[in-house]
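Undergrad: What follows is the file run.tsv, containing TSV, C-alpha atoms:
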chain	number	residue	atom	x	y	z
X	1	MET	CA	7.19	-8.90	1.60
X	2	LYS	CA	7.99	-6.77	4.54
X	3	TRP	CA	9.54	-7.17	7.92
X	4	ASN	CA	6.37	-7.94	9.82
X	5	GLU	CA	5.11	-11.09	11.43
X	6	GLN	CA	2.49	-11.92	8.85
X	7	ASP	CA	4.78	-11.56	5.86
X	8	ILE	CA	7.68	-13.33	7.50
X	9	GLU	CA	5.50	-16.30	8.31
X	10	LYS	CA	4.45	-16.37	4.68
X	11	TYR	CA	8.10	-16.11	3.72
X	12	LEU	CA	9.10	-19.02	5.91
X	13	SER	CA	6.53	-21.22	4.23
X	14	ALA	CA	7.52	-20.21	0.70
X	15	LYS	CA	11.26	-19.61	1.01
X	16	GLU	CA	12.19	-21.11	-2.32
X	17	TYR	CA	10.24	-18.42	-4.17
X	18	ILE	CA	11.70	-15.38	-2.46
X	19	ASP	CA	15.29	-14.82	-3.46
X	20	THR	CA	15.78	-11.05	-3.40
X	21	VAL	CA	16.36	-8.57	-0.60
X	22	ILE	CA	15.78	-4.81	-0.83
X	23	PHE	CA	18.17	-3.06	1.51
X	24	PRO	CA	17.55	0.71	1.86
X	25	LEU	CA	20.41	2.83	3.20
X	26	ILE	CA	18.95	5.78	5.08
X	27	PRO	CA	20.97	8.86	6.01
X	28	PHE	CA	20.62	10.57	9.37
X	29	GLU	CA	22.26	13.72	10.67
X	30	LEU	CA	20.65	16.30	12.87
X	31	SER	CA	23.65	18.44	13.77
X	32	GLN	CA	23.84	20.48	10.56
X	33	ASP	CA	20.93	22.86	10.09
X	34	SER	CA	21.68	23.23	6.42
X	35	THR	CA	21.43	19.57	5.47
X	36	ALA	CA	19.09	18.07	8.06
X	37	GLY	CA	16.01	18.83	5.96
X	38	LYS	CA	17.58	17.32	2.88
X	39	ASN	CA	18.48	14.14	4.70
X	40	ALA	CA	15.01	13.85	6.17
X	41	PHE	CA	13.56	14.27	2.70
X	42	ALA	CA	15.87	11.63	1.28
X	43	SER	CA	14.83	9.09	3.87
X	44	GLU	CA	11.16	9.91	3.33
X	45	VAL	CA	11.39	9.40	-0.41
X	46	LEU	CA	13.50	6.30	-0.01
X	47	ALA	CA	10.84	4.77	2.23
X	48	ILE	CA	8.21	5.44	-0.43
X	49	PHE	CA	10.45	4.10	-3.15
X	50	SER	CA	11.25	0.87	-1.42
X	51	SER	CA	7.69	0.18	-0.43
X	52	GLU	CA	6.51	0.84	-4.00
X	53	ILE	CA	9.09	-1.59	-5.35
X	54	GLU	CA	8.04	-4.10	-2.75
X	55	LYS	CA	4.41	-3.67	-3.77
X	56	GLU	CA	5.14	-4.50	-7.41
X	57	LEU	CA	7.27	-7.54	-6.64
X	58	THR	CA	5.80	-8.71	-3.32
X	59	GLY	CA	6.05	-12.38	-4.11
X	60	ARG	CA	9.74	-12.44	-4.78
X	61	VAL	CA	11.39	-9.72	-2.71
X	62	LEU	CA	11.79	-9.08	0.99
X	63	LEU	CA	12.06	-5.46	2.05
X	64	ILE	CA	14.12	-5.36	5.21
X	65	PRO	CA	14.12	-2.49	7.73
X	66	GLY	CA	16.22	0.39	6.44
X	67	TYR	CA	19.80	0.67	7.57
X	68	ASN	CA	20.24	4.06	9.24
X	69	TYR	CA	23.68	5.62	9.26
X	70	LEU	CA	25.17	8.90	10.36
X	71	LYS	CA	25.86	10.98	7.28
X	72	SER	CA	29.27	12.15	8.45
X	73	THR	CA	30.39	8.76	9.62
X	74	ASP	CA	33.32	6.75	8.34
X	75	LYS	CA	31.65	4.75	5.59
X	76	GLU	CA	34.21	1.96	5.56
X	77	GLN	CA	33.26	1.07	9.08
X	78	GLU	CA	29.61	1.06	8.06
X	79	VAL	CA	30.34	-1.23	5.15
X	80	GLU	CA	31.66	-3.76	7.60
X	81	ARG	CA	28.46	-3.62	9.63
X	82	ILE	CA	26.30	-3.78	6.52
X	83	ASN	CA	28.14	-6.85	5.34
X	84	ASN	CA	27.41	-8.41	8.70
X	85	TRP	CA	23.73	-7.92	7.97
X	86	VAL	CA	24.23	-9.45	4.55
X	87	ASN	CA	25.99	-12.46	6.06
X	88	ASP	CA	23.03	-12.98	8.31
X	89	ILE	CA	20.58	-12.61	5.42
X	90	LYS	CA	22.54	-15.14	3.40
X	91	GLN	CA	21.89	-17.81	6.00
X	92	GLN	CA	18.60	-18.01	4.13
X	93	PRO	CA	18.50	-18.94	0.45
X	94	PHE	CA	18.70	-15.40	-0.95
X	95	GLN	CA	20.36	-14.88	-4.32
X	96	HIS	CA	20.20	-11.12	-4.81
X	97	ILE	CA	20.76	-8.17	-2.50
X	98	PHE	CA	19.92	-4.69	-3.74
X	99	PHE	CA	21.07	-1.67	-1.78
X	100	LEU	CA	19.05	1.47	-2.45
X	101	SER	CA	20.33	4.95	-1.69
X	102	PHE	CA	20.27	8.59	-2.78
X	103	ASP	CA	23.70	9.09	-1.25
X	104	SER	CA	26.39	9.02	-3.95
X	105	THR	CA	29.24	8.59	-1.48
X	106	TRP	CA	28.39	4.89	-1.25
X	107	LYS	CA	29.09	4.55	-4.94
X	108	LYS	CA	32.84	4.66	-4.34
X	109	LEU	CA	32.59	1.80	-1.88
X	110	GLU	CA	30.33	-0.21	-4.13
X	111	ASN	CA	32.87	-2.97	-4.61
X	112	THR	CA	33.20	-3.59	-0.91
X	113	LEU	CA	29.44	-3.95	-0.44
X	114	ASP	CA	28.26	-7.51	-0.68
X	115	GLY	CA	25.45	-6.98	-3.19
X	116	ASN	CA	24.23	-4.70	-5.97
X	117	PHE	CA	24.29	-1.03	-5.14
X	118	LEU	CA	21.64	1.09	-6.85
X	119	TRP	CA	22.18	4.80	-6.64
X	120	LEU	CA	19.08	6.87	-7.35
X	121	PRO	CA	19.93	10.39	-8.40
X	122	GLY	CA	17.87	13.51	-8.45
X	123	PHE	CA	15.70	13.91	-5.36
X	124	GLN	CA	16.75	16.91	-3.31
X	125	SER	CA	13.56	18.44	-2.00
X	126	GLY	CA	9.92	18.90	-2.84
X	127	ASP	CA	6.50	17.78	-1.79
X	128	VAL	CA	6.37	14.00	-1.76
X	129	HIS	CA	2.59	14.04	-1.87
X	130	SER	CA	2.28	16.26	-4.92
X	131	GLU	CA	0.90	14.87	-8.12
X	132	GLU	CA	4.10	15.47	-10.12
X	133	MET	CA	6.25	13.77	-7.54
X	134	GLN	CA	3.99	10.74	-7.57
X	135	VAL	CA	4.22	10.46	-11.34
X	136	LEU	CA	7.99	10.86	-11.16
X	137	ILE	CA	8.38	8.23	-8.48
X	138	ARG	CA	6.08	5.81	-10.28
X	139	GLU	CA	8.12	6.17	-13.47
X	140	GLN	CA	11.40	5.60	-11.66
X	141	VAL	CA	10.01	2.66	-9.72
X	142	LYS	CA	8.96	1.06	-12.99
X	143	GLN	CA	12.52	1.29	-14.27
X	144	ILE	CA	14.07	-0.04	-11.08
X	145	VAL	CA	11.63	-2.95	-11.16
X	146	GLU	CA	12.78	-3.66	-14.73
X	147	LEU	CA	16.38	-3.55	-13.59
X	148	ILE	CA	15.78	-5.93	-10.71
X	149	ARG	CA	13.92	-8.31	-13.00
X	150	SER	CA	16.86	-8.38	-15.39
X	151	TYR	CA	18.92	-9.96	-12.63
X	152	TRP	CA	16.43	-12.80	-12.15
G	1	MET	CA	-59.00	35.22	47.45
G	2	SER	CA	-55.32	35.73	46.86
G	3	GLU	CA	-54.71	32.17	48.11
G	4	GLU	CA	-56.91	30.75	45.36
G	5	LYS	CA	-55.30	32.73	42.57
G	6	GLN	CA	-51.82	31.61	43.60
G	7	GLN	CA	-51.81	28.30	41.79
G	8	VAL	CA	-48.04	27.87	41.96
G	9	SER	CA	-46.63	28.13	45.42
G	10	ARG	CA	-43.15	29.40	46.03
G	11	ARG	CA	-42.05	25.91	47.00
G	12	GLN	CA	-43.44	24.42	43.80
G	13	PHE	CA	-41.92	27.15	41.66
G	14	LEU	CA	-38.51	26.52	43.12
G	15	ASN	CA	-38.93	22.80	42.68
G	16	TYR	CA	-39.80	23.19	39.01
G	17	THR	CA	-36.99	25.55	38.21
G	18	LEU	CA	-34.38	23.48	40.03
G	19	THR	CA	-35.44	20.22	38.38
G	20	GLY	CA	-35.54	21.98	35.04
G	21	VAL	CA	-32.08	23.45	35.34
G	22	GLY	CA	-30.73	20.22	36.82
G	23	GLY	CA	-32.25	18.29	33.97
G	24	PHE	CA	-30.56	20.49	31.39
G	25	MET	CA	-27.25	20.12	33.12
G	26	ALA	CA	-27.57	16.36	33.26
G	27	ALA	CA	-28.55	16.26	29.60
G	28	GLY	CA	-25.57	18.42	28.73
G	29	LEU	CA	-23.26	16.09	30.56
G	30	LEU	CA	-24.74	12.95	29.07
G	31	ILE	CA	-25.09	13.95	25.46
G	32	SER	CA	-21.45	13.53	24.46
G	33	PRO	CA	-20.94	10.10	26.01
G	34	ILE	CA	-24.17	8.90	24.45
G	35	ARG	CA	-23.17	10.27	21.07
G	36	MET	CA	-19.82	8.53	21.41
G	37	ALA	CA	-21.45	5.26	22.40
G	38	ILE	CA	-23.74	5.11	19.40
G	39	ASP	CA	-21.28	6.67	16.96
G	40	PRO	CA	-20.12	3.40	15.37
G	41	VAL	CA	-23.71	2.58	14.55
G	42	LEU	CA	-24.20	5.84	12.69
G	43	LYS	CA	-21.13	5.41	10.52
G	44	PRO	CA	-21.75	3.88	7.14
G	45	SER	CA	-19.88	0.64	6.69
G	46	SER	CA	-17.01	1.02	4.29
G	47	ALA	CA	-16.78	-2.65	3.44
G	48	GLY	CA	-18.26	-3.40	0.08
G	49	GLU	CA	-18.59	0.25	-0.73
G	50	TYR	CA	-18.30	1.17	-4.37
G	51	ALA	CA	-15.73	3.65	-5.59
G	52	ASN	CA	-15.73	5.64	-8.78
G	53	VAL	CA	-12.59	4.59	-10.62
G	54	GLY	CA	-12.70	7.40	-13.15
G	55	LEU	CA	-13.43	5.31	-16.20
G	56	ALA	CA	-16.41	5.87	-18.48
G	57	VAL	CA	-18.18	2.71	-19.52
G	58	GLU	CA	-18.02	3.66	-23.20
G	59	ASP	CA	-14.22	3.66	-22.95
G	60	ILE	CA	-14.11	0.05	-21.86
G	61	THR	CA	-12.97	-2.17	-24.72
G	62	THR	CA	-12.25	-5.83	-25.10
G	63	GLU	CA	-8.58	-5.02	-24.48
G	64	PRO	CA	-7.83	-5.05	-20.73
G	65	GLN	CA	-6.76	-1.66	-19.41
G	66	ARG	CA	-5.42	-0.85	-16.00
G	67	VAL	CA	-7.29	1.53	-13.70
G	68	ASP	CA	-5.93	2.88	-10.42
G	69	TRP	CA	-7.92	4.51	-7.67
G	70	LYS	CA	-7.66	5.24	-3.97
G	71	ILE	CA	-9.85	4.38	-1.02
G	72	ASP	CA	-9.73	5.30	2.64
G	73	GLN	CA	-8.97	2.35	4.80
G	74	VAL	CA	-8.87	2.08	8.56
G	75	ASP	CA	-6.45	-0.63	9.44
G	76	GLY	CA	-6.10	-1.19	13.15
G	77	TRP	CA	-3.77	1.66	14.06
G	78	TYR	CA	-3.72	3.62	10.88
G	79	GLU	CA	-6.20	5.34	8.70
G	80	SER	CA	-4.71	5.58	5.29
G	81	LYS	CA	-5.29	6.01	1.61
G	82	VAL	CA	-4.83	2.70	-0.09
G	83	SER	CA	-4.23	2.47	-3.80
G	84	LYS	CA	-6.15	-0.16	-5.66
G	85	SER	CA	-5.87	-1.32	-9.22
G	86	ALA	CA	-7.85	-3.44	-11.60
G	87	TRP	CA	-7.69	-4.72	-15.14
G	88	VAL	CA	-10.96	-3.79	-16.82
G	89	PHE	CA	-12.36	-5.08	-20.11
G	90	LYS	CA	-15.48	-6.42	-21.79
G	91	ASP	CA	-15.67	-10.15	-22.25
G	92	ASP	CA	-17.14	-12.01	-25.24
G	93	ASN	CA	-20.67	-11.55	-23.93
G	94	ASP	CA	-20.12	-7.80	-23.66
G	95	GLU	CA	-20.08	-8.10	-19.88
G	96	ILE	CA	-17.71	-5.86	-17.95
G	97	MET	CA	-15.00	-7.72	-16.05
G	98	ALA	CA	-12.69	-6.11	-13.50
G	99	LEU	CA	-9.87	-8.35	-12.33
G	100	SER	CA	-7.57	-7.75	-9.42
G	101	PRO	CA	-3.95	-7.50	-10.56
G	102	THR	CA	-2.67	-9.30	-7.47
G	103	CYS	CA	-1.13	-12.63	-8.34
G	104	THR	CA	-2.80	-15.38	-6.34
G	105	HIS	CA	0.52	-17.10	-5.84
G	106	LEU	CA	2.48	-14.71	-3.62
G	107	GLY	CA	0.97	-11.32	-4.39
G	108	CYS	CA	3.04	-9.69	-7.12
G	109	VAL	CA	1.37	-7.40	-9.63
G	110	VAL	CA	0.40	-9.09	-12.87
G	111	SER	CA	0.11	-7.29	-16.17
G	112	TRP	CA	-1.74	-7.95	-19.40
G	113	GLU	CA	0.58	-9.37	-22.03
G	114	GLY	CA	3.47	-8.70	-19.67
G	115	ASN	CA	5.57	-11.20	-21.56
G	116	ASP	CA	5.96	-11.20	-25.33
G	117	ASP	CA	6.08	-14.97	-25.44
G	118	HIS	CA	2.59	-15.24	-24.02
G	119	PRO	CA	0.17	-12.96	-25.86
G	120	ASN	CA	-3.43	-12.72	-24.68
G	121	GLN	CA	-2.57	-13.70	-21.14
G	122	PHE	CA	-1.95	-12.03	-17.81
G	123	TYR	CA	1.63	-12.49	-16.73
G	124	CYS	CA	3.27	-12.34	-13.31
G	125	PRO	CA	6.91	-11.19	-13.49
G	126	CYS	CA	7.96	-12.86	-10.25
G	127	HIS	CA	7.60	-16.55	-10.97
G	128	ASP	CA	6.16	-16.64	-14.48
G	129	GLY	CA	2.61	-17.22	-13.31
G	130	ARG	CA	0.10	-16.92	-16.14
G	131	TYR	CA	-3.66	-16.48	-16.44
G	132	TYR	CA	-6.11	-16.58	-19.33
G	133	LYS	CA	-8.00	-13.41	-20.16
G	134	ASP	CA	-10.90	-14.31	-17.87
G	135	GLY	CA	-8.42	-14.58	-15.01
G	136	THR	CA	-8.29	-18.36	-14.84
G	137	ASN	CA	-4.87	-19.58	-13.79
G	138	ILE	CA	-3.00	-21.67	-16.33
G	139	GLU	CA	-2.15	-25.16	-15.22
G	140	GLY	CA	1.56	-25.74	-14.75
G	141	THR	CA	2.33	-22.22	-13.55
G	142	PRO	CA	2.65	-21.38	-9.82
G	143	PRO	CA	-0.78	-19.76	-9.11
G	144	THR	CA	-3.37	-22.10	-7.69
G	145	ARG	CA	-6.54	-20.11	-8.23
G	146	PRO	CA	-7.94	-17.47	-10.63
G	147	LEU	CA	-7.42	-13.75	-10.19
G	148	ASP	CA	-9.94	-12.13	-7.86
G	149	LEU	CA	-12.94	-10.51	-9.50
G	150	TYR	CA	-14.21	-7.09	-8.42
G	151	ASP	CA	-17.90	-6.36	-7.90
G	152	HIS	CA	-18.89	-3.65	-10.31
G	153	LYS	CA	-21.80	-1.40	-11.10
G	154	VAL	CA	-22.48	1.38	-13.57
G	155	GLU	CA	-23.89	4.73	-12.57
G	156	ASN	CA	-24.31	7.68	-14.91
G	157	GLY	CA	-22.08	6.01	-17.43
G	158	MET	CA	-19.19	5.68	-14.98
G	159	LEU	CA	-17.72	2.47	-13.67
G	160	TYR	CA	-17.81	1.82	-9.93
G	161	LEU	CA	-15.87	-1.01	-8.34
G	162	GLY	CA	-16.54	-2.65	-5.01
G	163	LYS	CA	-14.77	-5.43	-3.23
G	164	ALA	CA	-12.69	-8.15	-4.82
G	165	ASN	CA	-14.07	-11.65	-4.59
G	166	VAL	CA	-12.02	-14.81	-4.36
G	167	ARG	CA	-12.98	-17.34	-6.96
G	168	GLY	CA	-12.66	-21.10	-6.71
G	169	GLU	CA	-9.89	-23.26	-8.05
G	170	ALA	CA	-9.76	-23.81	-11.78
Kindly present the structure from the file in structure tokens form.

TA:
Amino acid sequence: MKWNEQDIEKYLSAKEYIDTVIFPLIPFELSQDSTAGKNAFASEVLAIFSSEIEKELTGRVLLIPGYNYLKSTDKEQEVERINNWVNDIKQQPFQHIFFLSFDSTWKKLENTLDGNFLWLPGFQSGDVHSEEMQVLIREQVKQIVELIRSYW
Amino acid sequence: MSEEKQQVSRRQFLNYTLTGVGGFMAAGLLISPIRMAIDPVLKPSSAGEYANVGLAVEDITTEPQRVDWKIDQVDGWYESKVSKSAWVFKDDNDEIMALSPTCTHLGCVVSWEGNDDHPNQFYCPCHDGRYYKDGTNIEGTPPTRPLDLYDHKVENGMLYLGKANVRGEA
């Protein structure tokens, strides 16, 4: 389910079945010419990824709006804010939180994040609409779905 | 003499030409709004349209296989390509069946024999919903109605699928 009125209404009437949150962490930084394109690409692919995962597991996961952060920011401060989101989410009966990101710098702070952090390696640039990319993404999504299911 | 020969007077000639030119101008101005106004009528309706799913009928077996295809969908604000899927197989009467993979409980994607403990059934990974091969939901699992059934037709040996129909409670 997604963060829109229709889905949320459905969620509210079937709360006991939906126990997992997908929490994408999306990088933003416009100041550096050299990395801006890469960051834009990462957020594009991450959006596709999370919506594909949501599509497979609609009935049990809630995909929340992505958390945008400044790439160069102090991550520890961000962790605090993210955990505030998680505290709010946990007011509802959610059991599992999965953070999704291509940014490996979160990995070090994994223990401070209140949930499971999934780092997805290997997407730097390319054409997201190309046939090969679609196959690649579909394969990866399949594996992430398996991983999420193993937590249930 | 000359009066009789002159069948079109100067006044008449001017009248004709001016109305003619004016008429063309008016027509030119009106044609686009009119075209716009009737445009929706000219468009073929996309609801219930059949799409070629890229599967030859001779390749359909009694074992359900998954087909994926894309359709154009206009959805309020967006026009987008929407991916669709179906589980296609031949039933005991050799009839083609195309079932929607969307679980009727909360919309996860079901798969054929998705769980080793339940062979010959469709299985939903989210809440262990199960369906028999014909799509009928199994009593005691969360789904409350059978999987939706696609309209299908065969043209030139290829399978075409239309819209998915909701079926009644089991």

Undergrad: Give me, as a PyMOL selection string, all polymer residues having an atom no more than 12 Å from stretch 123-127 of chain G, counting all atoms listed in the file and skipping those fewer than 3 positions away in the same chain.

TA: (chain X and resi 16-20+54-61+145-146+148-152) or (chain G and resi 101-120+130-133+135-138+140-143+147)

Undergrad: Axis-aligned box over every listed atom of stretch 123-139 of chain G, padded by 6 Å per side: centre and edges in Å to one decimal, as AutoDock Vina command-line options?

TA:
--center_x -1.5 --center_y -18.2 --center_z -15.2 --size_x 30.9 --size_y 26.0 --size_z 21.9

Undergrad: Please, what distance in Å, to one decimal, runs between atom CA of G:Ser32 and atom CA of G:Gln73?

TA: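 Taking atom CA of G:Ser32 and atom CA of G:Gln73, their separation equals 25.8 Å.
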
Undergrad: Name the closest residue to chain X among the candidates G:Asp128, G:Asp92, G:Glu58, G:Asp72; distances are taken between atoms, counting all atoms listed in the file.

TA: G:Asp128

Undergrad: One number please: atom CA of G:Arg11 to atom CA of G:Gly28, in Å, one decimal.

TA: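 Here the two named atoms are 25.7 Å from each other.
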
Undergrad: Looking at G:Ile96, G:Val53, G:Ala27, G:Ile60, which one is nearest to G:Ser83, with distances taken over all atoms listed in the file?

TA: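 Smallest distance to G:Ser83 is found for G:Val53.
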
Undergrad: In Å to one decimal, how far is atom CA of G:Gly129 from atom CA of X:Gln140?

TA: 24.5 Å

Undergrad: Within 12 Å of (-10.9, -0.8, -4.1) in the file's own coordinates, which protein, DNA or RNA residues have an atom, counting all atoms listed in the file? List them as number ranges by chain.

TA: G: 46-53, 67-73, 81-86, 98-101, 148-152, 160-165

Undergrad: Give me the residues near stretch 69-82 of chain X as an NGL selection string, where near means some atom within 8 Å (using all atoms listed in the file) and where sequence neighbours in that chain fewer than 3 positions away do not count.

TA: :X and (25-29 or 85-86 or 106 or 109 or 112-113)
